[in-house]
Structures are given as structure tokens and as C-alpha cells.
Amino acid sequence: MDPWLMWLIFAAVLAVAEIFTLTAALGMLSAAALVTAGSAAVGLSVPFQFLVFTVVAVVTVLFLRPVALHRLRQPQAARFGVDALVGKSAYVVAEVTGRDGRVRIDGDEWTARAYDETLVIPVGKTVDVMEISGATAIVYPRD
């Protein structure tokens, strides 16, 4: 079997293992094996292939992996649309029950329902928006 084919199989095995571990390390090693497969295909001798693999693996694991992990661990970008309303406070403008009501969120009026269907929230009360369902805010009183 040709050396470039062995490196290619090794790269594929590492890539599949990365899918199951999600550590980014095996993915970097897979990339190193892929580069080494290319160097083997152009005729580099076996000792130089191992040197290429070692250099590329060290560079990717030590320098690219931390950058990739940092990017993955960054908090989600700012929410927008109706998702941005979840967690905000609202002002009750018409009594809110488990079936209907109206609240004002950031100056806009929304139909509303109580998160707990047994609650009756009077006008003037401040509530928290728990979720948005269609065009209805699901709210819970602040106490």
C-alpha cells in the first residue's frame, strides 16, 4: 500500500474520532496527517513524512487549537428579534390571566398570558417576560 494512502486513511480515522470527542486535538492531528499524505504523494521519504507530520501536528495543536477553542467558548452574540425580549421586564396594561391580557414591553403593547395559568396579574404590576409564543408574551409577576 502506498504511504500517501496510509496517511489519508489515518487522517480519515482521526477525523471520525474527532466527531465523537469534539476536543479539536484529533481534528488538528487529522489535518497534519492530511498534509503528510500530500507530502508522501509528491515523493518525500518516510523519515521526512514523519518530520512533516510532527511539525504540522505541533504547530496546529499548540497554536491553532487554543484559538479554535477560544472562538467556540465565546458567549453567544447579542440576541435580536423576539428572542431579545425574553428576560425583559414588562408593564401590565390590561389584566393578565392564563388566557389573555396585555403588557407593554419597551414601549410596544403585546398580548400576554400568565406563565402559571392560575395567576391573575392586575394592571400596573411589573412582570418578567419568560418566553414569546407567536405574538403573545408569556409573563410571570415580579415579587
# chains A, B, ... in the order shown; residues from 1 in each chain; ligands from 1
$ closest_atom_pairs --of "region 48-120 of chain A" --to "region 1-11 of chain A" --cutoff "12 Å" --atoms "only C-alpha atoms" --output "Markdown table"
| residue | atom | partner | partner_atom | distance |
| --- | --- | --- | --- | --- |
| A:Phe48 | CA | A:Pro3 | CA | 12.0 |
| A:Gln49 | CA | A:Pro3 | CA | 9.1 |
| A:Phe50 | CA | A:Trp7 | CA | 10.2 |
| A:Val52 | CA | A:Trp7 | CA | 11.6 |
| A:Phe53 | CA | A:Trp7 | CA | 9.5 |
| A:Ala57 | CA | A:Ala11 | CA | 11.8 |
$ residues_around --residues "Val123 (chain A)" --least-positions-apart "3" --cutoff "12 Å" --atoms "only C-alpha atoms" --output "count of residues only"
16
$ atom_distance --atom1 "CA of Ala33 (chain A)" --atom2 "CA of Pro47 (chain A)"
14.0 Å
$ residues_around --residues "Gly134 (chain A)" --least-positions-apart "3" --cutoff "10 Å" --atoms "only C-alpha atoms" --output "list of chain:residue names"
A:Val82, A:Thr111, A:Glu131, A:Ala137
$ write_last_selection --atoms "C-alpha atoms" --output "CSV table (one decimal), in the first residue's frame"
chain,number,residue,atom,x,y,z
A,82,VAL,CA,-38.4,38.4,19.8
A,111,THR,CA,-50.9,40.3,24.0
A,131,GLU,CA,-41.0,33.4,26.6
A,137,ALA,CA,-45.7,37.2,25.7
$ residues_around --residues "Val61 (chain A)" --least-positions-apart "5" --cutoff "10 Å" --atoms "only C-alpha atoms" --output "list of chain:residue names"
A:Ala24, A:Ala25, A:Leu26, A:Gly27, A:Met28, A:Leu29, A:Ala32, A:Val56, A:Pro66, A:Val67
$ select_by_dssp --residues "chain A" --states "strand (DSSP E)" --output "ChimeraX atom specification"
/A:89-94,102-105,108-114,126-133,136-141
$ select_by_dssp --residues "region 23-120 of chain A" --states "alpha helix (DSSP H)" --output "NGL selection string"
:A and (25-41 or 46-59 or 65-73)
$ atom_distance --atom1 "CA of Trp110 (chain A)" --atom2 "CA of Phe80 (chain A)"
16.9 Å
$ atom_distance --atom1 "CA of Glu18 (chain A)" --atom2 "CA of Gly38 (chain A)"
20.7 Å
$ residues_around --residues "region 19-22 of chain A" --least-positions-apart "4" --cutoff "12 Å" --atoms "only C-alpha atoms" --output "count of residues only"
12
